[in-house]
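Asks: As input, take work-v5.cif (mmCIF, C-alpha atoms):
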data_query
loop_
_atom_site.label_atom_id
_atom_site.label_comp_id
_atom_site.auth_asym_id
_atom_site.auth_seq_id
_atom_site.Cartn_x
_atom_site.Cartn_y
_atom_site.Cartn_z
CA MET A 1 185.29 127.43 12.36
CA ARG A 2 184.93 124.09 10.60
CA GLY A 3 187.16 121.36 11.88
CA GLY A 4 188.40 123.55 14.71
CA LEU A 5 187.79 123.63 18.42
CA ALA A 6 185.51 126.40 19.68
CA VAL A 7 186.79 127.69 23.01
CA ARG A 8 184.54 129.74 25.30
CA PRO A 9 186.53 132.72 26.67
CA SER A 10 186.75 133.00 30.42
CA ALA A 11 184.71 135.57 32.35
CA ALA A 12 187.95 137.38 33.23
CA LEU A 13 188.94 137.74 29.58
CA LEU A 14 185.48 138.93 28.65
CA ALA A 15 185.58 141.53 31.41
CA ALA A 16 188.98 142.72 30.23
CA ASP A 17 187.69 143.11 26.68
CA LEU A 18 184.58 144.98 27.79
CA PHE A 19 186.38 147.26 30.23
CA PRO A 20 189.88 147.91 28.78
CA SER A 21 190.68 150.57 31.37
CA SER A 22 190.75 147.96 34.11
CA ARG A 23 193.22 146.00 32.00
CA ARG A 24 195.57 149.00 31.92
CA GLY A 25 195.54 149.51 35.68
CA PHE A 26 193.43 152.68 35.75
CA LEU A 27 190.91 151.16 38.20
CA LEU A 28 192.93 148.97 40.45
CA PRO A 29 190.93 147.45 43.32
CA HIS A 30 193.21 148.88 46.06
CA ARG A 31 192.84 152.48 44.86
CA ARG A 32 189.93 154.76 45.69
CA ASN A 33 188.55 156.47 42.57
CA PRO A 34 186.84 159.75 43.60
CA CYS A 35 184.45 159.50 40.62
CA ILE A 36 182.96 156.24 41.86
CA ALA A 37 180.63 156.08 44.83
CA PRO A 38 181.76 153.75 47.62
CA ARG A 39 180.24 150.29 47.57
CA PRO A 40 177.36 149.69 49.97
CA PRO A 41 178.12 147.20 52.73
CA LEU A 42 177.28 143.59 51.99
CA ARG A 43 173.82 142.61 53.20
CA ARG A 44 173.63 140.02 55.89
CA LEU A 45 172.18 136.65 54.97
CA SER A 46 169.12 137.24 57.17
CA THR A 47 168.32 140.39 55.18
CA VAL A 48 168.60 138.55 51.87
CA SER A 49 166.30 135.81 53.18
CA ALA A 50 163.77 138.41 54.28
CA MET A 51 163.83 139.97 50.83
CA ALA A 52 163.39 136.57 49.18
CA SER A 53 160.31 135.94 51.29
CA GLY A 54 158.86 139.17 49.91
CA PHE A 55 159.18 138.06 46.28
CA LYS A 56 155.58 136.73 46.32
CA PRO A 57 156.00 134.10 43.58
CA GLU A 58 152.41 132.97 44.16
CA GLU A 59 151.27 136.39 42.88
CA SER A 60 153.27 136.25 39.65
CA ARG A 61 150.31 134.51 37.97
CA VAL A 62 146.87 136.13 38.05
CA PRO A 63 144.73 134.17 38.77
CA PRO A 64 147.23 131.98 40.66
CA ALA A 65 148.90 129.21 38.68
CA LEU A 66 147.16 125.86 38.87
CA GLN A 67 148.96 122.93 40.40
CA LEU A 68 150.28 120.57 37.74
CA PRO A 69 147.62 117.86 37.48
CA THR A 70 148.51 114.20 37.73
CA PRO A 71 148.48 112.97 34.11
CA PRO A 72 146.45 109.90 33.11
CA VAL A 73 149.68 108.22 32.00
CA SER A 74 153.28 108.69 33.15
CA LYS A 75 154.81 107.63 29.84
CA PHE A 76 153.47 107.36 26.30
CA LYS A 77 154.60 107.54 22.70
CA ILE A 78 153.99 110.57 20.50
CA ALA A 79 154.23 110.60 16.71
CA LEU A 80 155.15 113.64 14.64
CA CYS A 81 153.99 113.07 11.05
CA GLN A 82 155.96 115.33 8.70
CA LEU A 83 153.92 115.04 5.50
CA SER A 84 154.34 116.13 1.92
CA VAL A 85 151.49 118.37 0.75
CA THR A 86 150.19 118.63 -2.82
CA ARG A 87 147.41 120.51 -4.60
CA ASP A 88 145.31 117.32 -4.58
CA LYS A 89 143.17 117.57 -1.45
CA GLU A 90 141.82 114.00 -1.64
CA ARG A 91 145.36 112.69 -1.93
CA ASN A 92 146.48 114.80 1.05
CA ILE A 93 143.66 113.42 3.21
CA ALA A 94 144.34 109.80 2.23
CA HIS A 95 148.08 110.30 2.71
CA ALA A 96 147.59 111.74 6.20
CA ARG A 97 145.33 108.81 7.11
CA LYS A 98 148.03 106.32 6.10
CA ALA A 99 150.62 108.17 8.18
CA ILE A 100 148.33 108.17 11.22
CA GLU A 101 147.76 104.42 10.84
CA GLU A 102 151.51 103.78 10.56
CA ALA A 103 152.15 105.87 13.67
CA ALA A 104 149.51 103.92 15.59
CA ARG A 105 151.08 100.62 14.50
CA LYS A 106 154.35 101.86 15.94
CA GLY A 107 152.69 102.40 19.30
CA ALA A 108 151.86 106.10 19.20
CA GLN A 109 149.06 107.12 21.55
CA LEU A 110 149.20 110.75 20.40
CA VAL A 111 149.65 111.83 16.78
CA LEU A 112 150.54 115.39 15.75
CA LEU A 113 150.08 116.57 12.15
CA PRO A 114 151.57 119.64 10.39
CA GLU A 115 150.13 123.09 9.86
CA ILE A 116 147.92 123.35 6.71
CA TRP A 117 148.43 119.73 5.68
CA ASN A 118 145.39 119.40 3.38
CA SER A 119 146.15 122.48 1.23
CA PRO A 120 149.00 124.43 -0.29
CA TYR A 121 150.08 127.21 2.06
CA SER A 122 148.92 130.28 0.16
CA ASN A 123 146.30 133.00 0.45
CA ASP A 124 144.89 131.89 -2.90
CA SER A 125 144.40 128.34 -1.63
CA PHE A 126 142.94 128.98 1.81
CA PRO A 127 139.42 129.93 0.56
CA VAL A 128 139.36 127.04 -1.92
CA TYR A 129 140.40 124.30 0.51
CA ALA A 130 138.57 125.64 3.58
CA GLU A 131 136.11 123.38 5.41
CA ASP A 132 133.00 124.09 7.45
CA ILE A 133 133.92 122.22 10.61
CA GLU A 134 130.63 123.00 12.32
CA ALA A 135 128.69 121.43 9.45
CA GLY A 136 130.92 118.34 9.32
CA GLY A 137 130.30 115.49 6.88
CA ASP A 138 130.99 116.25 3.23
CA ALA A 139 131.56 119.91 4.12
CA ALA A 140 134.59 118.92 6.21
CA PRO A 141 136.29 115.78 4.78
CA SER A 142 139.62 116.43 6.54
CA PHE A 143 137.88 116.94 9.88
CA SER A 144 135.76 113.81 9.38
CA MET A 145 138.79 111.68 8.52
CA LEU A 146 140.63 112.75 11.67
CA SER A 147 137.61 112.05 13.85
CA GLU A 148 137.11 108.58 12.39
CA ALA A 149 140.82 107.75 12.59
CA ALA A 150 141.01 108.73 16.27
CA ARG A 151 137.93 106.60 17.05
CA SER A 152 138.91 103.53 15.08
CA LEU A 153 142.55 103.54 16.20
CA GLN A 154 141.68 104.68 19.74
CA ILE A 155 144.35 107.36 19.80
CA THR A 156 144.45 111.08 20.53
CA ILE A 157 145.03 113.27 17.47
CA VAL A 158 146.21 116.87 17.42
CA GLY A 159 145.14 117.42 13.84
CA GLY A 160 147.72 119.92 12.66
CA SER A 161 145.74 122.72 11.05
CA ILE A 162 143.44 123.24 8.09
CA PRO A 163 141.73 126.31 6.63
CA GLU A 164 138.33 126.65 8.32
CA ARG A 165 135.33 128.55 6.96
CA SER A 166 132.91 129.98 9.51
CA GLY A 167 130.30 132.28 8.01
CA ASP A 168 132.15 134.85 5.93
CA ARG A 169 135.43 134.36 7.80
CA LEU A 170 138.40 132.05 7.33
CA TYR A 171 140.59 130.72 10.14
CA ASN A 172 143.75 128.63 10.44
CA THR A 173 142.37 125.96 12.78
CA CYS A 174 143.68 122.99 14.76
CA CYS A 175 141.24 120.34 15.98
CA VAL A 176 142.01 117.93 18.82
CA PHE A 177 140.23 114.57 18.89
CA GLY A 178 139.90 112.12 21.77
CA THR A 179 140.13 108.35 21.57
CA ASP A 180 136.35 108.24 21.08
CA GLY A 181 136.64 110.40 17.96
CA ASN A 182 134.90 113.36 19.54
CA LEU A 183 136.21 116.89 19.15
CA LYS A 184 137.90 117.89 22.44
CA GLY A 185 139.16 121.31 21.45
CA LYS A 186 139.49 123.68 18.50
CA HIS A 187 142.27 126.28 18.32
CA ARG A 188 142.13 129.11 15.83
CA LYS A 189 145.57 130.61 15.21
CA ILE A 190 145.80 133.64 17.48
CA HIS A 191 148.79 135.43 15.97
CA LEU A 192 148.59 135.80 12.19
CA PHE A 193 151.80 135.44 10.21
CA ASP A 194 152.43 138.83 8.62
CA ILE A 195 156.09 139.17 7.67
CA ASP A 196 158.13 141.31 5.30
CA ILE A 197 161.87 140.67 4.98
CA PRO A 198 162.92 142.40 1.75
CA GLY A 199 164.58 140.05 -0.69
CA LYS A 200 163.74 137.04 1.48
CA ILE A 201 160.06 136.53 2.24
CA THR A 202 156.83 138.49 2.31
CA PHE A 203 153.59 136.87 3.45
CA LYS A 204 150.45 138.24 5.07
CA GLU A 205 147.97 135.75 6.44
CA SER A 206 145.76 138.65 7.43
CA LYS A 207 144.87 139.15 3.74
CA THR A 208 142.52 136.17 3.99
CA LEU A 209 142.52 134.83 7.55
CA THR A 210 140.95 136.09 10.78
CA ALA A 211 142.82 135.79 14.08
CA GLY A 212 141.46 133.50 16.77
CA GLU A 213 140.35 134.95 20.07
CA ARG A 214 140.93 132.23 22.65
CA PRO A 215 143.86 130.20 23.96
CA THR A 216 143.16 126.47 23.82
CA ILE A 217 144.10 123.91 26.46
CA VAL A 218 142.70 120.39 26.34
CA ASP A 219 142.59 117.50 28.81
CA THR A 220 143.25 114.26 26.93
CA ASP A 221 144.01 110.62 27.66
CA VAL A 222 147.72 111.50 27.47
CA GLY A 223 147.72 114.65 29.59
CA ARG A 224 146.85 118.33 29.49
CA ILE A 225 147.89 119.90 26.17
CA GLY A 226 148.20 123.56 25.20
CA ILE A 227 147.78 124.28 21.49
CA GLY A 228 149.44 126.91 19.32
CA ILE A 229 149.90 127.16 15.57
CA CYS A 230 153.25 128.14 14.03
CA TYR A 231 153.58 131.91 14.59
CA ASP A 232 151.92 131.48 18.01
CA ILE A 233 155.20 129.95 19.23
CA ARG A 234 156.93 133.33 19.00
CA PHE A 235 154.74 134.78 21.75
CA GLN A 236 156.04 133.46 25.05
CA GLU A 237 153.06 134.84 26.96
CA LEU A 238 150.81 132.19 25.42
CA ALA A 239 153.13 129.38 26.50
CA MET A 240 153.42 130.90 29.98
CA LEU A 241 149.64 131.06 30.19
CA TYR A 242 149.36 127.37 29.26
CA ALA A 243 151.98 126.46 31.85
CA ALA A 244 150.03 128.39 34.49
CA ARG A 245 146.95 126.37 33.51
CA GLY A 246 148.81 123.14 34.25
CA ALA A 247 149.82 121.99 30.78
CA HIS A 248 152.15 119.00 30.52
CA LEU A 249 152.78 119.40 26.79
CA LEU A 250 152.58 122.19 24.20
CA CYS A 251 151.86 121.23 20.59
CA TYR A 252 152.65 123.59 17.74
CA PRO A 253 151.88 122.45 14.21
CA GLY A 254 153.94 124.89 12.15
CA ALA A 255 155.43 125.69 8.77
CA PHE A 256 158.42 127.95 9.31
CA ASN A 257 160.09 129.06 6.09
CA MET A 258 163.60 128.90 4.67
CA THR A 259 164.49 132.33 6.09
CA THR A 260 163.27 132.13 9.68
CA GLY A 261 163.42 128.34 10.00
CA PRO A 262 167.21 127.95 10.23
CA LEU A 263 167.42 130.87 12.66
CA HIS A 264 164.46 130.48 14.98
CA TRP A 265 162.54 127.20 14.65
CA GLU A 266 164.54 125.07 17.09
CA LEU A 267 165.51 128.09 19.19
CA LEU A 268 161.89 128.99 19.92
CA GLN A 269 160.88 125.42 20.71
CA ARG A 270 163.71 125.00 23.19
CA ALA A 271 163.00 128.39 24.74
CA ARG A 272 159.30 127.65 25.28
CA ALA A 273 160.18 124.27 26.82
CA ALA A 274 162.99 125.56 29.06
CA ASP A 275 161.12 128.68 30.17
CA ASN A 276 158.08 126.71 31.25
CA GLN A 277 159.71 123.38 32.13
CA LEU A 278 157.40 121.19 30.08
CA PHE A 279 157.42 119.27 26.80
CA VAL A 280 157.09 120.95 23.41
CA ALA A 281 156.24 119.10 20.20
CA THR A 282 156.20 120.62 16.73
CA CYS A 283 155.26 119.25 13.33
CA SER A 284 155.98 120.80 9.94
CA PRO A 285 155.07 119.85 6.39
CA ALA A 286 157.89 118.22 4.44
CA ARG A 287 159.85 120.58 2.21
CA ASP A 288 158.74 121.04 -1.41
CA SER A 289 161.30 123.16 -3.22
CA GLY A 290 158.86 123.75 -6.08
CA ALA A 291 156.09 125.17 -3.89
CA GLY A 292 155.24 128.84 -3.66
CA TYR A 293 155.91 128.67 0.10
CA ILE A 294 158.80 126.39 1.05
CA ALA A 295 158.66 124.87 4.54
CA TRP A 296 161.78 124.38 6.65
CA GLY A 297 160.68 120.98 8.04
CA HIS A 298 162.60 119.70 11.08
CA SER A 299 159.68 118.48 13.21
CA THR A 300 160.96 118.18 16.77
CA LEU A 301 160.23 116.99 20.30
CA VAL A 302 161.84 118.97 23.13
CA GLY A 303 162.02 118.04 26.83
CA PRO A 304 161.45 120.22 29.91
CA PHE A 305 165.15 121.13 30.23
CA GLY A 306 165.21 122.49 26.68
CA GLU A 307 166.86 119.33 25.38
CA VAL A 308 166.07 118.06 21.87
CA ILE A 309 164.75 114.53 22.36
CA ALA A 310 164.10 113.79 18.69
CA THR A 311 164.08 115.67 15.39
CA THR A 312 164.20 115.05 11.66
CA GLU A 313 165.43 116.77 8.52
CA HIS A 314 163.20 118.21 5.79
CA GLU A 315 161.97 115.10 3.99
CA GLU A 316 158.80 113.16 4.78
CA ALA A 317 159.22 111.32 8.07
CA ILE A 318 157.32 109.92 11.03
CA ILE A 319 159.03 110.38 14.39
CA VAL A 320 157.77 108.12 17.18
CA GLU A 321 159.31 108.93 20.56
CA GLU A 322 158.51 108.44 24.24
CA ILE A 323 157.42 111.25 26.54
CA ASP A 324 158.18 110.67 30.23
CA TYR A 325 156.22 113.12 32.37
CA SER A 326 158.34 112.38 35.46
CA LEU A 327 160.99 114.60 33.86
CA ILE A 328 158.77 117.64 34.44
CA GLU A 329 158.80 117.26 38.21
CA LEU A 330 162.50 116.37 38.14
CA ARG A 331 163.47 119.50 36.23
CA ARG A 332 161.19 121.71 38.32
CA SER A 333 162.88 120.39 41.46
CA ASN A 334 166.32 120.95 39.88
CA LEU A 335 165.41 124.54 38.97
CA PRO A 336 162.48 125.69 41.16
CA LEU A 337 161.46 128.62 38.96
CA ALA A 338 157.91 128.66 40.31
CA ASN A 339 159.25 129.54 43.77
CA GLN A 340 161.58 132.23 42.45
CA ARG A 341 159.34 134.39 40.28
CA ARG A 342 159.14 138.03 41.35
CA GLY A 343 155.43 138.49 41.90
CA ASP A 344 156.30 141.78 43.56
CA LEU A 345 157.72 143.07 40.25
CA TYR A 346 155.75 141.46 37.42
CA GLN A 347 152.62 139.42 36.73
CA LEU A 348 151.16 137.35 33.93
CA VAL A 349 147.41 138.02 33.75
CA ASP A 350 145.25 135.29 32.22
CA VAL A 351 142.40 137.48 31.01
CA GLN A 352 140.18 134.55 30.05
CA ARG A 353 140.45 132.88 33.45
CA LEU A 354 140.13 136.19 35.25
CA ASN A 355 136.92 137.07 33.42
CA SER A 356 135.53 133.59 34.02
CA ALA A 357 136.14 133.98 37.75
CA VAL A 358 134.33 137.32 37.72
CA ASP A 359 131.41 135.83 35.81
CA ASP A 360 131.11 133.02 38.33
#
Show me this structure written as structure tokens.

Replies:
Amino acid sequence: MRGGLAVRPSAALLAADLFPSSRRGFLLPHRRNPCIAPRPPLRRLSTVSAMASGFKPEESRVPPALQLPTPPVSKFKIALCQLSVTRDKERNIAHARKAIEEAARKGAQLVLLPEIWNSPYSNDSFPVYAEDIEAGGDAAPSFSMLSEAARSLQITIVGGSIPERSGDRLYNTCCVFGTDGNLKGKHRKIHLFDIDIPGKITFKESKTLTAGERPTIVDTDVGRIGIGICYDIRFQELAMLYAARGAHLLCYPGAFNMTTGPLHWELLQRARAADNQLFVATCSPARDSGAGYIAWGHSTLVGPFGEVIATTEHEEAIIVEEIDYSLIELRRSNLPLANQRRGDLYQLVDVQRLNSAVDD
């Protein structure tokens, strides 16, 4: 209610609403109901402790989770560059370069760009704007610009995503560049965005794009980073896998739309951060109401307790904010989830790591 005070009902009131018979006195605690089995006796504390020791949290990750590595820096500044995107590819590349330079001037050591920042987001545009990253040079002007910018500015760049052409296939691809300008990792969007909400939005990336086959985690000068692209954020298993590989930060360039954006964009970011107790950064294109696909915007940085550290609205913006990795250890000591997972009941299997171990 606008202008009013929202009051959370008490647990007792909620119980009364859910179980009205108890409210009427049909199941009073001092009466024995013959239809209800007697309660088992309370377990002694020693029994509970014995059960807890059998939870096997170390077996909840297969192979076992890696110990969180000591990052190269304890604090650094990240920039989220929410950019406007036009049909003019040369303009988009030059515009992104200016934003990266501005972010570096403001002290950013890591710059994150949006999903599909060099092209309109459409199946018609992907083949036209696609670049041959392996060939480089004139065949990949967006890729080349990012590499040169990282080298000249001596910063790490998570280059949003661009359409990539590889043989007869197209991918939605994110490239990560080190401070020397070299390519440190390349993530091809694993989960393709195929959606159909009648009267709201219908889009099928699978009409033109091919799904990637490998999770991507990269060691950089600002820590270990797991990469996802937009729709990848909906699949918590990928984030859990990255956390088990020792990621400090998850980066998701994304372009949620006007239907799912208001509902899920911030919710998913906070969930991935809180579930895995690490940082999550997202970057969207700025909103263009005249485009065929309208982005929600709201690029955001979330901390390891699920707290929103910084965010923006839908217009063009550059967010520069500090990441303090000491918060990861603090929150994991506050809520020791790693010691409480039920390895006796469930497991996350990292197929890629498992196969690598077998091959070795």

Asks: Give me the result of the PyMOL selection byres ((chain A and resi 206) around 10) on this file, residue by residue, as an MDAnalysis selection string.

Replies: chainID A and resid 123 170:171 191:194 203:205 207:211

Asks: Considering only C-alpha atoms, return as a list in words whatever protein or nucleic-acid residues lie within 10 Å of stretch 62-67 of chain A, sequence-local ones (same chain, fewer than 4 positions apart) excluded.

Replies: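 Once the adjacent positions are removed, what remains is Pro57, Glu58, Met240, Leu241, Tyr242, Ala243, Ala244, Arg245, Gly246, Ala247, Ala338, Gly343, Gln347, Leu348, Val349, Asp350, Val351, Gln352, Arg353, Leu354, Asn355 and Ala357 of chain A.
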
Asks: Can you list, as a PyMOL selection string, the residues that the PyMOL selection byres ((chain A and resi 329) around 12) selects here?

Replies: chain A and resi 67-71+74+248+276-279+303-305+324-328+330-338

Asks: Can you work out the spacing between atom CA of A:Ala150 and atom CA of A:Gly181 in Å, to one decimal?

Replies: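 If I compute the distance from atom CA of A:Ala150 to atom CA of A:Gly181, I get 5.0 Å.
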
Asks: What gap, in Å, lies between atom CA of A:Glu115 and atom CA of A:Phe177?

Replies: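 For atom CA of A:Glu115 relative to atom CA of A:Phe177, the distance reads 15.9 Å.
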
Asks: What residues come out when you apply the PyMOL selection byres ((chain A and resi 213-218) around 7) to this file, written as a ChimeraX atom specification?

Replies: /A:184-185,187,190,211-212,219-220,224-227,242

Asks: Could you work out an axis-aligned bounding box for all listed atoms of stretch 221-239 of chain A, with 3 Å added on each of the six sides, and give its centre and edge lengths in Å to one decimal, as AutoDock Vina command-line options?

Replies:
--center_x 150.5 --center_y 122.7 --center_z 21.8 --size_x 18.9 --size_y 30.2 --size_z 21.6

Asks: In terms of the shortest atom-to-atom distance over all atoms listed in the file, which of A:Gly254, A:Leu153, A:Leu249, A:Leu301 is closest to A:Arg270?

Replies: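 Looking at the shortest contact to A:Arg270, the residue is A:Leu301.
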
Asks: Between A:Lys89, A:Leu183, A:Ser84, A:Asp132, which is the closest to A:Glu164 once you count only C-alpha atoms?

Replies: A:Asp132
